[in-house]
Amino acid sequence: LSIRKEIEAMKEVKSTIFISKEQAAKETIELLGHDFRDVVGDILPPSIILKIKSDYTDTKHLQQLEKQLQMDQRVYDVQYQRTYVENINHNLSTISMVLIGISSILLFIAISLLVNTMRLSIYANRFLIRSMLYVGAKRSTIRRPFIAKGIWQGIWGALLAMAVLTGGICLGHSYTPSGNFTLIATDSQTIGNYTLLYVILLALGLLFTWLATSLAVR
């Protein structure tokens with residue numbers, strides 16, 4: 001219990017679960033279907049299961065944590081599936097690159113559609129714009145309604161993206177295929193990250209629509 005408190009104070013550790021010798025023996029007997037202690041004796045030590053924060057789940061940080069724990073004389077062994085972790089990190093890197101590529105293509109398509117839509121809107125109002133120029137209206141005055149319309153489209157687009165993302169988060173959190181496993185976490189740190197993501201979505205929606213609209217109108 002003493003070492004558990006020290007481990008929970010580490011920056012990499014999110015939470016811990018203590019497994020006593022009795023509990024470990026009970027779970028192993030249920031798994032094997034017979035009492036192994038009759039053959040090999042009571043060999044299972046008490047253990048602590050660590051849940052690591054997502055920022056420290058890469059191979060480098062896990063190896064550093066393993067070395068740090070092994071330096072403690074009270075720790076008999078540190079075990080985790082190294083190959084499994086390496087495969088997960090590799091797959092996440094590959095998926096991230098693919099998603100970045102797809103997102104870049106979709107962003108280009110979205111900006112192109114926005115620019116073309118705005119140009120069509122200007123073309124549809126070309127006679128009104130010409131009349132305004134004849135009576136001395138400034139170009140900035142003529143551009144302002146079109147830019148405002150584009151910005152509003154960006155705001156609504158960002159809000160729609162937030163709604164879809166929130167639905168995905170709620171669905172992922174409610175879907176638990178195994179006892180204590182959740183696809184998407186909703187702890188305070190993760191909620192803070194979600195909030196930052198929403199702010200970035202809104203800022204990008206405003207920025208890209210303002211740029212695209214300004215270029216189209218000019």
# chains A, B, ... in the order shown; residues from 1 in each chain; ligands from 1

call {"tool": "select_by_dssp", "arguments": {"residues": "region 16-146 of chain A", "states": "alpha helix (DSSP H)", "output": "PyMOL selection string"}}
result
chain A and resi 21-32+37-40+59-70+82-124+126-134+139-146

call {"tool": "residues_around", "arguments": {"residues": "Val85 (chain A)", "least_positions_apart": "5", "cutoff": "10 Å", "atoms": "only C-alpha atoms", "output": "PyMOL selection string"}}
result
chain A and resi 57-59+62+80+90-91

call {"tool": "closest_residue", "arguments": {"among": "A:Ala212, A:Met10, A:Ile142, A:Leu92", "to": "Ile129 (chain A)", "atoms": "only C-alpha atoms"}}
result
A:Ile142

call {"tool": "closest_residue", "arguments": {"among": "A:Ser104, A:Ser20, A:Gln73, A:Gln153", "to": "Gly205 (chain A)", "atoms": "only C-alpha atoms"}}
result
A:Gln153

call {"tool": "residues_around", "arguments": {"residues": "Leu197 (chain A)", "least_positions_apart": "3", "cutoff": "12 Å", "atoms": "only C-alpha atoms", "output": "list in words"}}
result
Ala158, Ala161, Met162, Leu165, Thr166, Thr190, Ile191, Gly192, Asn193, Tyr194, Ile200, Leu201, Leu202, Ala203 and Leu204 of chain A

call {"tool": "write_last_selection", "arguments": {"atoms": "N, CA, C and O atoms", "output": "PDB file, in the first residue's frame"}}
result
ATOM      1  N   ALA A 158     -18.912  24.778 -38.001  1.00  0.00           N
ATOM      2  CA  ALA A 158     -18.179  24.377 -36.792  1.00  0.00           C
ATOM      3  C   ALA A 158     -19.130  23.798 -35.750  1.00  0.00           C
ATOM      4  O   ALA A 158     -18.827  22.792 -35.094  1.00  0.00           O
ATOM      5  N   ALA A 161     -20.040  20.334 -36.756  1.00  0.00           N
ATOM      6  CA  ALA A 161     -18.927  19.422 -36.481  1.00  0.00           C
ATOM      7  C   ALA A 161     -18.858  19.082 -34.992  1.00  0.00           C
ATOM      8  O   ALA A 161     -18.611  17.930 -34.611  1.00  0.00           O
ATOM      9  N   MET A 162     -19.099  20.082 -34.141  1.00  0.00           N
ATOM     10  CA  MET A 162     -19.102  19.850 -32.689  1.00  0.00           C
ATOM     11  C   MET A 162     -20.210  18.880 -32.299  1.00  0.00           C
ATOM     12  O   MET A 162     -20.019  17.993 -31.453  1.00  0.00           O
ATOM     13  N   LEU A 165     -19.220  15.385 -33.354  1.00  0.00           N
ATOM     14  CA  LEU A 165     -18.147  14.908 -32.490  1.00  0.00           C
ATOM     15  C   LEU A 165     -18.669  14.541 -31.107  1.00  0.00           C
ATOM     16  O   LEU A 165     -18.286  13.517 -30.533  1.00  0.00           O
ATOM     17  N   THR A 166     -19.560  15.379 -30.569  1.00  0.00           N
ATOM     18  CA  THR A 166     -20.142  15.094 -29.255  1.00  0.00           C
ATOM     19  C   THR A 166     -20.934  13.798 -29.289  1.00  0.00           C
ATOM     20  O   THR A 166     -20.864  12.981 -28.356  1.00  0.00           O
ATOM     21  N   THR A 190      -9.367  14.699 -20.103  1.00  0.00           N
ATOM     22  CA  THR A 190      -9.848  14.469 -21.464  1.00  0.00           C
ATOM     23  C   THR A 190     -10.931  15.470 -21.839  1.00  0.00           C
ATOM     24  O   THR A 190     -10.971  15.948 -22.975  1.00  0.00           O
ATOM     25  N   ILE A 191     -11.808  15.805 -20.905  1.00  0.00           N
ATOM     26  CA  ILE A 191     -12.841  16.804 -21.175  1.00  0.00           C
ATOM     27  C   ILE A 191     -12.207  18.155 -21.491  1.00  0.00           C
ATOM     28  O   ILE A 191     -12.667  18.900 -22.360  1.00  0.00           O
ATOM     29  N   GLY A 192     -11.108  18.479 -20.786  1.00  0.00           N
ATOM     30  CA  GLY A 192     -10.368  19.707 -21.096  1.00  0.00           C
ATOM     31  C   GLY A 192      -9.824  19.686 -22.510  1.00  0.00           C
ATOM     32  O   GLY A 192      -9.862  20.702 -23.218  1.00  0.00           O
ATOM     33  N   ASN A 193      -9.339  18.514 -22.966  1.00  0.00           N
ATOM     34  CA  ASN A 193      -8.847  18.382 -24.339  1.00  0.00           C
ATOM     35  C   ASN A 193      -9.979  18.539 -25.348  1.00  0.00           C
ATOM     36  O   ASN A 193      -9.805  19.141 -26.413  1.00  0.00           O
ATOM     37  N   TYR A 194     -11.151  17.967 -25.019  1.00  0.00           N
ATOM     38  CA  TYR A 194     -12.310  18.113 -25.899  1.00  0.00           C
ATOM     39  C   TYR A 194     -12.702  19.594 -26.025  1.00  0.00           C
ATOM     40  O   TYR A 194     -13.016  20.074 -27.119  1.00  0.00           O
ATOM     41  N   ILE A 200     -10.780  25.129 -31.092  1.00  0.00           N
ATOM     42  CA  ILE A 200      -9.987  25.108 -32.324  1.00  0.00           C
ATOM     43  C   ILE A 200     -10.888  24.939 -33.543  1.00  0.00           C
ATOM     44  O   ILE A 200     -10.683  25.583 -34.581  1.00  0.00           O
ATOM     45  N   LEU A 201     -11.896  24.053 -33.426  1.00  0.00           N
ATOM     46  CA  LEU A 201     -12.836  23.862 -34.534  1.00  0.00           C
ATOM     47  C   LEU A 201     -13.541  25.167 -34.895  1.00  0.00           C
ATOM     48  O   LEU A 201     -13.654  25.517 -36.078  1.00  0.00           O
ATOM     49  N   LEU A 202     -14.013  25.880 -33.886  1.00  0.00           N
ATOM     50  CA  LEU A 202     -14.705  27.136 -34.132  1.00  0.00           C
ATOM     51  C   LEU A 202     -13.763  28.173 -34.742  1.00  0.00           C
ATOM     52  O   LEU A 202     -14.133  28.875 -35.693  1.00  0.00           O
ATOM     53  N   ALA A 203     -12.537  28.245 -34.218  1.00  0.00           N
ATOM     54  CA  ALA A 203     -11.560  29.208 -34.735  1.00  0.00           C
ATOM     55  C   ALA A 203     -11.187  28.897 -36.182  1.00  0.00           C
ATOM     56  O   ALA A 203     -11.109  29.801 -37.031  1.00  0.00           O
ATOM     57  N   LEU A 204     -10.987  27.611 -36.489  1.00  0.00           N
ATOM     58  CA  LEU A 204     -10.643  27.226 -37.864  1.00  0.00           C
ATOM     59  C   LEU A 204     -11.811  27.474 -38.808  1.00  0.00           C
ATOM     60  O   LEU A 204     -11.617  27.888 -39.959  1.00  0.00           O
TER      61      LEU A 204
END

call {"tool": "closest_residue", "arguments": {"among": "A:Thr83, A:Asn125, A:Thr94, A:Gln23", "to": "Pro46 (chain A)", "atoms": "only C-alpha atoms"}}
result
A:Gln23

call {"tool": "closest_residue", "arguments": {"among": "A:Trp210, A:Leu32, A:Ser93, A:Ser112", "to": "Ala148 (chain A)", "atoms": "only C-alpha atoms"}}
result
A:Trp210

call {"tool": "closest_residue", "arguments": {"among": "A:Ala216, A:Val13, A:Val98, A:Leu171", "to": "Glu66 (chain A)", "atoms": "only C-alpha atoms"}}
result
A:Val13
